[in-house]
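Heads up: the structure comes next, in structure tokens.
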Amino acid sequence: MNAINITVYPDDVTQIENLKAVMKAFKIKFKVVDEHPYDPEFVKKILKGREDSKQGKGLKISLEELNSLWK
């Protein structure tokens, strides 16, 4: 038996259960590995920052202002 890795990005738990049902229907052995390399709270902060930036809620500074922070 050969093993392959397939990465899926389900939107919700229903999709996960449907994928499991399909695998079982085809009598394919499988293992679900739920890997979360980042803390969910950290991910929320990053996504919020990106959204805020898209909406113009960020702070813009010039390169000179940035360089002056290091002096």
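Chain labels run A, B, ... following the order of the structure tokens; each chain numbers its residues from 1, and ligands are numbered from 1 in the order shown.
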- Can you list, as a list of chain:residue names, every protein, DNA or RNA residue that comes within 12 Å of segment 19-23 of chain A when you count only C-alpha atoms, leaving out same-chain residues fewer than 5 positions away? A:Ile6, A:Thr7, A:Val8, A:Tyr9, A:Pro10, A:Asp11, A:Asp12, A:Val13, A:Thr14, A:Ile28, A:Lys29, A:Phe30, A:Lys31, A:Val32
- Give the helix (DSSP H, G or I) residues of chain A, as DSSP finds them on the backbone, and put them as a VMD selection string. chain A and resid 13 to 25 40 to 54 63 to 68
Just write the chosen residues, N, CA and C atoms, as a short mmCIF file (atom, residue, chain, number, x, y, z; two decimals), in the first residue's frame.
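Here's the written file part.cif:
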```cif
data_model
loop_
_atom_site.label_atom_id
_atom_site.label_comp_id
_atom_site.auth_asym_id
_atom_site.auth_seq_id
_atom_site.Cartn_x
_atom_site.Cartn_y
_atom_site.Cartn_z
N VAL A 13 -17.10 22.04 9.15
CA VAL A 13 -17.06 20.66 9.63
C VAL A 13 -17.84 19.73 8.69
N THR A 14 -18.90 20.24 8.08
CA THR A 14 -19.71 19.43 7.17
C THR A 14 -18.87 18.91 6.00
N GLN A 15 -18.04 19.77 5.46
CA GLN A 15 -17.18 19.35 4.36
C GLN A 15 -16.19 18.27 4.81
N ILE A 16 -15.69 18.39 6.00
CA ILE A 16 -14.77 17.37 6.52
C ILE A 16 -15.49 16.03 6.63
N GLU A 17 -16.69 16.05 7.19
CA GLU A 17 -17.46 14.81 7.33
C GLU A 17 -17.80 14.21 5.96
N ASN A 18 -18.11 15.04 4.99
CA ASN A 18 -18.40 14.56 3.64
C ASN A 18 -17.17 13.90 3.01
N LEU A 19 -16.01 14.50 3.22
CA LEU A 19 -14.78 13.89 2.69
C LEU A 19 -14.52 12.53 3.33
N LYS A 20 -14.75 12.45 4.62
CA LYS A 20 -14.57 11.17 5.32
C LYS A 20 -15.54 10.12 4.76
N ALA A 21 -16.78 10.54 4.51
CA ALA A 21 -17.79 9.61 3.99
C ALA A 21 -17.40 9.09 2.61
N VAL A 22 -16.86 9.96 1.77
CA VAL A 22 -16.44 9.54 0.43
C VAL A 22 -15.30 8.52 0.54
N MET A 23 -14.34 8.80 1.39
CA MET A 23 -13.21 7.88 1.55
C MET A 23 -13.69 6.52 2.05
N LYS A 24 -14.62 6.54 3.01
CA LYS A 24 -15.16 5.29 3.53
C LYS A 24 -15.94 4.54 2.45
N ALA A 25 -16.70 5.28 1.64
CA ALA A 25 -17.50 4.66 0.58
C ALA A 25 -16.61 3.94 -0.44
N PRO A 40 -4.17 30.28 17.18
CA PRO A 40 -5.34 30.88 16.53
C PRO A 40 -5.53 32.36 16.86
N GLU A 41 -5.20 32.78 18.07
CA GLU A 41 -5.33 34.20 18.43
C GLU A 41 -4.35 35.05 17.63
N PHE A 42 -3.14 34.53 17.42
CA PHE A 42 -2.14 35.23 16.62
C PHE A 42 -2.63 35.38 15.18
N VAL A 43 -3.20 34.32 14.63
CA VAL A 43 -3.71 34.35 13.26
C VAL A 43 -4.83 35.39 13.14
N LYS A 44 -5.72 35.46 14.14
CA LYS A 44 -6.80 36.46 14.13
C LYS A 44 -6.23 37.87 14.07
N LYS A 45 -5.19 38.12 14.86
CA LYS A 45 -4.58 39.45 14.89
C LYS A 45 -3.98 39.82 13.53
N ILE A 46 -3.31 38.87 12.91
CA ILE A 46 -2.70 39.12 11.61
C ILE A 46 -3.77 39.40 10.56
N LEU A 47 -4.83 38.59 10.54
CA LEU A 47 -5.91 38.78 9.58
C LEU A 47 -6.62 40.11 9.81
N LYS A 48 -6.81 40.49 11.06
CA LYS A 48 -7.45 41.77 11.36
C LYS A 48 -6.56 42.91 10.88
N GLY A 49 -5.27 42.81 11.08
CA GLY A 49 -4.34 43.83 10.62
C GLY A 49 -4.37 43.98 9.11
N ARG A 50 -4.44 42.88 8.40
CA ARG A 50 -4.52 42.94 6.94
C ARG A 50 -5.81 43.62 6.50
N GLU A 51 -6.91 43.27 7.15
CA GLU A 51 -8.20 43.87 6.81
C GLU A 51 -8.20 45.37 7.12
N ASP A 52 -7.65 45.74 8.27
CA ASP A 52 -7.55 47.15 8.63
C ASP A 52 -6.72 47.91 7.60
N SER A 53 -5.63 47.31 7.16
CA SER A 53 -4.77 47.93 6.16
C SER A 53 -5.52 48.16 4.85
N LYS A 54 -6.30 47.17 4.44
CA LYS A 54 -7.09 47.31 3.20
C LYS A 54 -8.11 48.45 3.30
N LEU A 63 10.23 56.65 4.79
CA LEU A 63 11.44 55.88 5.04
C LEU A 63 12.36 56.64 6.00
N GLU A 64 12.39 57.96 5.85
CA GLU A 64 13.23 58.78 6.73
C GLU A 64 12.73 58.67 8.18
N GLU A 65 11.40 58.73 8.37
CA GLU A 65 10.84 58.60 9.71
C GLU A 65 11.16 57.23 10.30
N LEU A 66 11.08 56.21 9.48
CA LEU A 66 11.40 54.87 9.95
C LEU A 66 12.86 54.77 10.34
N ASN A 67 13.75 55.30 9.51
CA ASN A 67 15.17 55.26 9.82
C ASN A 67 15.51 56.04 11.08
N SER A 68 14.76 57.11 11.34
CA SER A 68 15.04 57.90 12.55
C SER A 68 14.72 57.12 13.82
#
```
